[in-house]
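The data block below is final_39.cif; it holds mmCIF, C-alpha atoms and all ligand atoms.
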data_query
#
loop_
_atom_site.label_atom_id
_atom_site.label_comp_id
_atom_site.auth_asym_id
_atom_site.auth_seq_id
_atom_site.Cartn_x
_atom_site.Cartn_y
_atom_site.Cartn_z
CA MET G 1 12.18 11.88 -4.65
CA LEU G 2 8.92 9.97 -5.28
CA ASP G 3 9.14 6.43 -3.90
CA THR G 4 7.33 4.54 -6.66
CA THR G 5 7.52 1.16 -4.87
CA LEU G 6 4.91 2.39 -2.39
CA ILE G 7 2.31 3.71 -4.80
CA ASN G 8 0.44 0.49 -5.47
CA GLN G 9 0.38 -0.84 -1.91
CA PRO G 10 -3.18 -1.20 -0.60
CA ALA G 11 -4.29 1.55 1.77
CA LYS G 12 -4.12 0.79 5.49
CA PRO G 13 -6.99 1.31 7.97
CA VAL G 14 -5.61 4.41 9.73
CA ILE G 15 -5.40 7.96 8.45
CA VAL G 16 -3.17 9.83 10.90
CA ALA G 17 -4.41 13.39 11.53
CA LEU G 18 -1.33 15.62 11.48
CA ASP G 19 -2.75 18.34 13.68
CA PHE G 20 0.57 20.14 14.19
CA ALA G 21 1.34 23.87 14.02
CA ASN G 22 4.20 23.86 11.52
CA ALA G 23 6.11 21.87 8.90
CA GLU G 24 9.12 21.18 11.11
CA SER G 25 7.26 19.41 13.92
CA THR G 26 5.17 17.55 11.35
CA LEU G 27 8.15 16.25 9.39
CA ASP G 28 9.89 15.26 12.65
CA PHE G 29 6.85 13.23 13.64
CA VAL G 30 6.38 11.67 10.19
CA GLN G 31 9.94 10.30 10.35
CA GLN G 32 8.62 7.70 12.80
CA LEU G 33 6.12 6.41 10.20
CA ASN G 34 6.18 5.04 6.67
CA PRO G 35 3.58 4.86 3.90
CA ASN G 36 3.06 1.13 4.49
CA LEU G 37 1.74 1.83 7.98
CA CYS G 38 -0.87 4.51 7.39
CA GLN G 39 -2.23 7.38 5.31
CA LEU G 40 -1.84 11.00 6.46
CA LYS G 41 -4.31 13.85 6.90
CA ILE G 42 -3.54 17.55 6.65
CA GLY G 43 -6.26 19.71 8.14
CA LYS G 44 -7.07 23.37 8.65
CA GLU G 45 -4.34 24.26 11.18
CA LEU G 46 -1.42 22.72 9.30
CA PHE G 47 -2.64 23.75 5.85
CA THR G 48 -3.14 27.33 7.01
CA ALA G 49 0.42 27.29 8.32
CA THR G 50 2.16 25.54 5.43
CA GLY G 51 -0.04 25.62 2.32
CA ARG G 52 0.61 23.27 -0.56
CA TYR G 53 4.34 22.92 0.23
CA LEU G 54 3.84 20.28 2.91
CA VAL G 55 1.11 18.43 1.00
CA GLU G 56 3.50 18.07 -1.92
CA GLN G 57 6.40 17.01 0.34
CA LEU G 58 4.37 14.19 1.85
CA VAL G 59 3.00 13.08 -1.52
CA LEU G 60 6.61 12.95 -2.76
CA GLN G 61 7.50 10.77 0.23
CA GLY G 62 4.96 8.24 -1.10
CA TYR G 63 2.09 8.98 1.31
CA ARG G 64 -1.56 9.02 0.38
CA VAL G 65 -2.68 12.40 1.69
CA PHE G 66 -6.21 13.31 2.78
CA LEU G 67 -6.63 17.09 2.44
CA ASP G 68 -9.23 17.83 5.12
CA LEU G 69 -10.39 21.39 4.56
CA LYS G 70 -14.11 20.54 4.85
CA TYR G 71 -15.20 22.80 2.02
CA HIS G 72 -18.65 24.37 2.50
CA ASP G 73 -19.44 27.07 -0.04
CA ILE G 74 -21.32 27.74 -3.26
CA PRO G 75 -20.97 25.01 -5.93
CA ASN G 76 -18.53 26.89 -8.19
CA THR G 77 -16.14 27.75 -5.34
CA VAL G 78 -16.05 24.20 -3.95
CA ALA G 79 -15.69 22.63 -7.39
CA SER G 80 -12.73 24.90 -8.22
CA ALA G 81 -11.05 24.19 -4.87
CA CYS G 82 -11.42 20.42 -5.42
CA LYS G 83 -9.78 20.73 -8.80
CA VAL G 84 -6.78 22.56 -7.31
CA ALA G 85 -6.54 19.88 -4.60
CA ALA G 86 -6.56 17.19 -7.30
CA ASP G 87 -3.70 18.95 -9.07
CA MET G 88 -1.65 18.72 -5.85
CA GLY G 89 -1.86 14.93 -6.05
CA VAL G 90 -3.93 14.35 -2.93
CA TRP G 91 -5.66 11.01 -2.40
CA MET G 92 -8.80 12.26 -0.61
CA VAL G 93 -10.63 15.58 -0.21
CA ASP G 94 -13.66 16.46 1.90
CA MET G 95 -16.55 18.89 2.07
CA HIS G 96 -19.65 19.31 4.25
CA ALA G 97 -22.61 17.32 2.96
CA SER G 98 -24.87 20.09 4.28
CA GLY G 99 -23.57 22.19 1.36
CA GLY G 100 -26.14 20.23 -0.61
CA ARG G 101 -26.59 18.23 -3.78
CA ARG G 102 -25.55 20.88 -6.34
CA MET G 103 -22.35 21.64 -4.45
CA MET G 104 -21.38 17.97 -4.24
CA GLU G 105 -22.33 17.24 -7.86
CA ALA G 106 -20.23 20.18 -9.02
CA ALA G 107 -17.25 18.90 -7.01
CA ALA G 108 -17.59 15.39 -8.48
CA GLU G 109 -17.87 16.80 -11.99
CA ALA G 110 -14.84 19.09 -11.48
CA VAL G 111 -12.45 16.23 -10.66
CA SER G 112 -13.91 13.66 -13.06
CA ASN G 113 -11.49 14.52 -15.87
CA CYS G 114 -8.35 14.57 -13.72
CA SER G 115 -5.79 11.88 -14.51
CA GLN G 116 -5.88 10.69 -10.88
CA PRO G 117 -9.12 12.01 -9.37
CA PRO G 118 -9.04 12.16 -5.55
CA LEU G 119 -11.63 10.34 -3.50
CA LEU G 120 -14.34 12.84 -2.57
CA ILE G 121 -16.09 12.44 0.74
CA ALA G 122 -18.58 14.53 2.70
CA VAL G 123 -18.86 15.18 6.42
CA THR G 124 -22.28 14.27 7.82
CA VAL G 125 -22.44 15.29 11.51
CA LEU G 126 -19.13 16.11 13.26
CA THR G 127 -18.02 13.46 15.74
CA SER G 128 -17.64 16.16 18.41
CA MET G 129 -21.39 16.87 18.35
CA THR G 130 -23.99 15.48 20.74
CA GLN G 131 -27.73 15.16 20.17
CA ALA G 132 -28.34 18.28 22.31
CA GLU G 133 -25.79 20.36 20.38
CA LEU G 134 -27.33 19.29 17.08
CA ALA G 135 -30.76 20.36 18.36
CA GLU G 136 -29.32 23.82 19.20
CA THR G 137 -28.57 24.29 15.50
CA GLY G 138 -32.26 23.76 14.69
CA LEU G 139 -31.99 20.09 13.67
CA ASN G 140 -34.38 18.21 15.90
CA LEU G 141 -34.02 14.75 14.36
CA PRO G 142 -32.05 11.90 15.94
CA ILE G 143 -28.35 12.13 14.97
CA GLU G 144 -28.44 8.74 13.17
CA GLU G 145 -31.30 9.98 11.00
CA VAL G 146 -29.47 13.19 10.03
CA VAL G 147 -26.30 11.20 9.29
CA MET G 148 -28.29 8.71 7.20
CA ARG G 149 -30.05 11.42 5.18
CA LEU G 150 -26.80 13.29 4.48
CA ALA G 151 -25.02 10.05 3.56
CA GLU G 152 -27.78 9.09 1.12
CA LEU G 153 -27.63 12.59 -0.42
CA THR G 154 -23.84 12.27 -0.69
CA ARG G 155 -24.12 8.92 -2.48
CA GLN G 156 -26.78 10.25 -4.87
CA SER G 157 -24.55 13.25 -5.63
CA GLY G 158 -21.79 10.97 -6.91
CA LEU G 159 -19.24 11.17 -4.09
CA ASP G 160 -17.20 8.20 -2.85
CA GLY G 161 -18.19 8.21 0.80
CA VAL G 162 -18.82 10.09 4.02
CA VAL G 163 -17.21 11.10 7.27
CA CYS G 164 -19.33 9.88 10.17
CA SER G 165 -18.89 8.45 13.64
CA ALA G 166 -18.10 4.74 13.90
CA GLN G 167 -21.25 4.59 16.04
CA GLU G 168 -23.25 5.10 12.81
CA ALA G 169 -21.07 2.81 10.66
CA SER G 170 -23.05 -0.42 10.90
CA LEU G 171 -26.34 1.33 9.99
CA LEU G 172 -24.73 3.11 7.03
CA ARG G 173 -22.92 -0.02 5.87
CA GLN G 174 -26.23 -1.94 5.81
CA GLN G 175 -28.08 0.80 3.95
CA LEU G 176 -25.41 2.01 1.53
CA GLY G 177 -23.55 -1.17 0.56
CA GLU G 178 -19.98 -2.39 0.71
CA GLU G 179 -18.37 0.06 -1.74
CA PHE G 180 -19.34 3.33 -0.07
CA LEU G 181 -16.47 4.70 2.04
CA LEU G 182 -17.13 5.29 5.73
CA VAL G 183 -14.33 7.44 7.14
CA THR G 184 -14.58 7.60 10.91
CA PRO G 185 -12.82 10.04 13.25
CA GLY G 186 -13.51 10.04 17.01
CA ILE G 187 -11.44 6.87 17.48
CA ARG G 188 -10.13 6.34 20.99
CA LEU G 189 -7.91 3.66 22.51
CA HIS G 190 -9.43 4.33 25.96
CA ASP G 191 -12.99 5.54 26.69
CA ALA G 192 -11.69 7.77 29.47
CA ILE G 193 -9.79 10.10 27.11
CA GLU G 194 -12.37 11.52 24.76
CA ASP G 195 -10.90 15.08 24.54
CA ASP G 196 -13.37 17.21 22.54
CA GLN G 197 -14.83 14.15 20.75
CA ARG G 198 -18.26 12.88 21.83
CA ARG G 199 -19.27 9.98 19.53
CA ILE G 200 -16.25 7.71 19.99
CA MET G 201 -15.29 4.07 19.42
CA ALA G 202 -12.19 1.85 19.70
CA PRO G 203 -10.29 0.94 16.49
CA LYS G 204 -11.11 -2.78 16.34
CA ALA G 205 -14.80 -2.18 17.12
CA ALA G 206 -15.00 0.57 14.50
CA LEU G 207 -13.57 -1.66 11.77
CA ALA G 208 -15.91 -4.48 12.82
CA ALA G 209 -18.84 -2.04 12.57
CA GLY G 210 -17.98 -1.30 8.95
CA SER G 211 -15.58 1.65 8.98
CA SER G 212 -13.40 1.84 5.88
CA TYR G 213 -10.81 4.16 7.42
CA LEU G 214 -10.13 5.35 10.96
CA VAL G 215 -9.04 8.98 11.33
CA MET G 216 -6.78 9.18 14.40
CA GLY G 217 -4.94 12.23 15.66
CA ARG G 218 -4.06 12.59 19.33
CA PRO G 219 -4.22 8.86 20.22
CA ILE G 220 -1.36 8.40 17.73
CA THR G 221 0.48 11.74 17.75
CA ARG G 222 0.64 11.89 21.56
CA ASN G 223 1.65 8.25 21.92
CA GLU G 224 5.26 7.45 22.80
CA ASN G 225 5.40 4.85 20.04
CA PRO G 226 3.06 5.80 17.17
CA ALA G 227 4.36 3.12 14.80
CA GLU G 228 3.67 0.40 17.36
CA VAL G 229 0.04 1.56 17.82
CA LEU G 230 -0.40 1.53 14.04
CA LEU G 231 1.07 -1.98 13.76
CA GLN G 232 -1.27 -3.23 16.46
CA ILE G 233 -4.29 -1.77 14.65
CA ASN G 234 -3.08 -3.13 11.29
CA ASN G 235 -2.78 -6.59 12.88
CA GLY G 236 -6.26 -6.37 14.39
CA LEU G 237 -4.95 -6.48 17.95
CA ILE G 238 -6.57 -3.33 19.34
O1 LIG G 301 -13.16 15.52 8.72
C1 LIG G 301 -12.52 15.10 9.69
O2 LIG G 301 -11.42 14.57 9.55
C2 LIG G 301 -13.18 15.13 11.01
C3 LIG G 301 -14.55 15.07 11.01
C4 LIG G 301 -15.25 14.85 12.22
O3 LIG G 301 -16.48 14.72 12.25
N1 LIG G 301 -14.53 14.76 13.37
C5 LIG G 301 -13.15 14.88 13.39
O4 LIG G 301 -12.57 14.76 14.49
N2 LIG G 301 -12.47 15.12 12.22
C6 LIG G 301 -11.00 15.30 12.25
O5 LIG G 301 -10.38 14.11 12.73
C7 LIG G 301 -9.28 14.40 13.58
C8 LIG G 301 -9.52 13.74 14.91
O6 LIG G 301 -8.43 13.97 15.76
P1 LIG G 301 -8.34 13.30 17.19
O7 LIG G 301 -9.59 13.65 17.96
O8 LIG G 301 -7.11 13.94 17.79
O9 LIG G 301 -8.19 11.82 16.99
C9 LIG G 301 -9.15 15.91 13.64
O10 LIG G 301 -8.15 16.28 12.72
C10 LIG G 301 -10.50 16.43 13.18
O11 LIG G 301 -10.38 17.64 12.45
#
Just dump the structure as structure tokens.
Ligand SMILES: O=C(O)c1cc(=O)[nH]c(=O)n1[C@@H]1O[C@H](COP(=O)(O)O)[C@@H](O)[C@H]1O
Amino acid sequence: MLDTTLINQPAKPVIVALDFANAESTLDFVQQLNPNLCQLKIGKELFTATGRYLVEQLVLQGYRVFLDLKYHDIPNTVASACKVAADMGVWMVDMHASGGRRMMEAAAEAVSNCSQPPLLIAVTVLTSMTQAELAETGLNLPIEEVVMRLAELTRQSGLDGVVCSAQEASLLRQQLGEEFLLVTPGIRLHDAIEDDQRRIMAPKAALAAGSSYLVMGRPITRNENPAEVLLQINNGLI
């Protein structure tokens, strides 16, 4: 049953990455949360396992859902996929900015006539990548410069924001203004536990640097008390 009291609440800073293998463990975990604490993200692993069923379940529970499938394909394919995502009632959808201007413009155009268009954002440079790894792909510019170029292209193409590291947030906030969304994964409560992330930052510092939303998976899902961590972030304590 759709909980209509929650729909108009302002979004909270954290988007919890539900990187679980199946619907059962996800729904067990989500029972500890509520839509006033956070938004939720469904990514490649969980979507591959559960498809639209779980997206629709969580939307019905009143959650804003970020469908993180990082589309990267020809314009027509990405535009059509974004339209299907919009029909599922998701709040946010992403693609790779390196798919280029025509791909992003087609996506923006495809959702523009939806009754509730999702926010469209584009990934700049993955937060797991280092300068050396970027160079191995043939991009020999400083990471900040690549992120900045892709973010500017994203804005020009009519999208709502980008995914970047919080380490680039203050530069992007200065250059791209207050309205442009900066969605930042690679958030860590302790520097010592970076896992596979490389460009990391703590929640409070990331928000101070200009992040609009913090994407957090393991620091929340592996915590003994996820709701308490979210409350502390919401209250600006950590
Ligand atoms: O698009 C994303 O959400 C994303 C982009 C990026 O550059 N880095 C990144 O970590 N993510 C996602 O953010 C989440 C981070 O999870 P944790 O490292 O466990 O906090 C994962 O679900 C990633 O797929």
Residues within 7 Å of ligand LIG 301 (chain G) (only C-alpha atoms and all ligand atoms), as a PyMOL selection string?
chain G and resi 17-19+43+68+70+94+123+125-128+163-165+185-187+195-197+215-219
Export of prior selection with C-alpha atoms as a short mmCIF file (atom, residue, chain, number, x, y, z; two decimals), in the frame of the given file:
data_model
loop_
_atom_site.label_atom_id
_atom_site.label_comp_id
_atom_site.auth_asym_id
_atom_site.auth_seq_id
_atom_site.Cartn_x
_atom_site.Cartn_y
_atom_site.Cartn_z
CA ALA G 17 -4.41 13.39 11.53
CA LEU G 18 -1.33 15.62 11.48
CA ASP G 19 -2.75 18.34 13.68
CA GLY G 43 -6.26 19.71 8.14
CA ASP G 68 -9.23 17.83 5.12
CA LYS G 70 -14.11 20.54 4.85
CA ASP G 94 -13.66 16.46 1.90
CA VAL G 123 -18.86 15.18 6.42
CA VAL G 125 -22.44 15.29 11.51
CA LEU G 126 -19.13 16.11 13.26
CA THR G 127 -18.02 13.46 15.74
CA SER G 128 -17.64 16.16 18.41
CA VAL G 163 -17.21 11.10 7.27
CA CYS G 164 -19.33 9.88 10.17
CA SER G 165 -18.89 8.45 13.64
CA PRO G 185 -12.82 10.04 13.25
CA GLY G 186 -13.51 10.04 17.01
CA ILE G 187 -11.44 6.87 17.48
CA ASP G 195 -10.90 15.08 24.54
CA ASP G 196 -13.37 17.21 22.54
CA GLN G 197 -14.83 14.15 20.75
CA VAL G 215 -9.04 8.98 11.33
CA MET G 216 -6.78 9.18 14.40
CA GLY G 217 -4.94 12.23 15.66
CA ARG G 218 -4.06 12.59 19.33
CA PRO G 219 -4.22 8.86 20.22
#
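When all atoms listed in the file are used to measure the gap to G:Asn36, the shortest distance among G:Arg222, G:Trp91, G:Leu214, G:Leu230 belongs to G:Leu230.
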In Å, rounded to a single decimal, give me how far atom CA of G:His190 is from atom CA of G:Val147.
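Answer for the atom CA of G:Val147 to atom CA of G:His190 separation: 24.7 Å.
For G:Pro75, the set of protein, DNA and RNA residues having any atom at most 9 Å away, when counting all atoms listed in the file and skipping those fewer than 6 positions along the same chain, is Gly99, Gly100, Arg102, Met103, Met104, Glu105, Ala106 and Ala107 of chain G.
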Within 9 Å of G:Leu189, counting all atoms listed in the file, which residues qualify if same-chain residues fewer than 3 places away don't, as a tab-separated table (two decimals) with C-alpha atoms, keeping the file's coordinate frame?
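Just written: part19.tsv:
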chain	number	residue	atom	x	y	z
G	192	ALA	CA	-11.69	7.77	29.47
G	193	ILE	CA	-9.79	10.10	27.11
G	201	MET	CA	-15.29	4.07	19.42
G	202	ALA	CA	-12.19	1.85	19.70
G	203	PRO	CA	-10.29	0.94	16.49
G	219	PRO	CA	-4.22	8.86	20.22
G	238	ILE	CA	-6.57	-3.33	19.34
Two-atom distance - atom CA of G:Ser170, atom CA of G:Cys82 (Å)
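Between atom CA of G:Ser170 and atom CA of G:Cys82 the gap is 28.9 Å.
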Could you name the residues that touch stretch 83-88 of chain G at 10 Å or less, counting all atoms listed in the file, but leaving out those on the same chain fewer than 5 positions away, as a list in words?
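Neighbouring residues, sequence-local ones excluded: Arg52, Tyr53, Val55, Glu56, Val59, Val65, Phe66, Leu67, Val78, Val93, Ala107, Ala108, Glu109, Ala110, Val111, Ser112, Asn113, Cys114, Ser115, Gln116, Pro117, Pro118 and Leu119 of chain G.
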Looking at all atoms listed in the file, which of G:Val90, G:Ala227, G:Leu182, G:Leu237 is the one that sits closest to G:Asn34?
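Under the stated criterion, the closest residue is G:Ala227.
Here atom CA of G:Ala97 stands at a distance of 21.7 Å from atom CA of G:Ala206.
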Tell me, as a list in words, which residues lie within 7 Å of G:Tyr213, counting all atoms listed in the file; anything in the same chain fewer than 6 positions away does not count.
Pro13, Val14, Ile15, Leu182, Val183 and Thr184 of chain G
Excluding G:Leu69 and residues on its chain fewer than 3 positions from it, collect all residues at most 10 Å away from it, counting all atoms listed in the file, and give them as a VMD selection string.
chain G and resid 41 to 45 47 to 48 66 72 81 93 to 96
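With distances restricted to only C-alpha atoms, G:Leu171 is the closest residue to G:Glu145 from G:Leu159, G:Leu171, G:Leu120, G:Ala208.
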Compare G:Ala132, G:Val16, G:Leu141, G:Ala166 by their minimum atom-to-atom distance to G:Val30, counting only C-alpha atoms, and give me the closest one.
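Under the stated criterion, the closest residue is G:Val16.
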Nearest residue to G:Ser157 from the set G:Leu172, G:Ala205, G:Ile143, G:Ala122 (distances using only C-alpha atoms):
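Closest candidate: G:Ala122.
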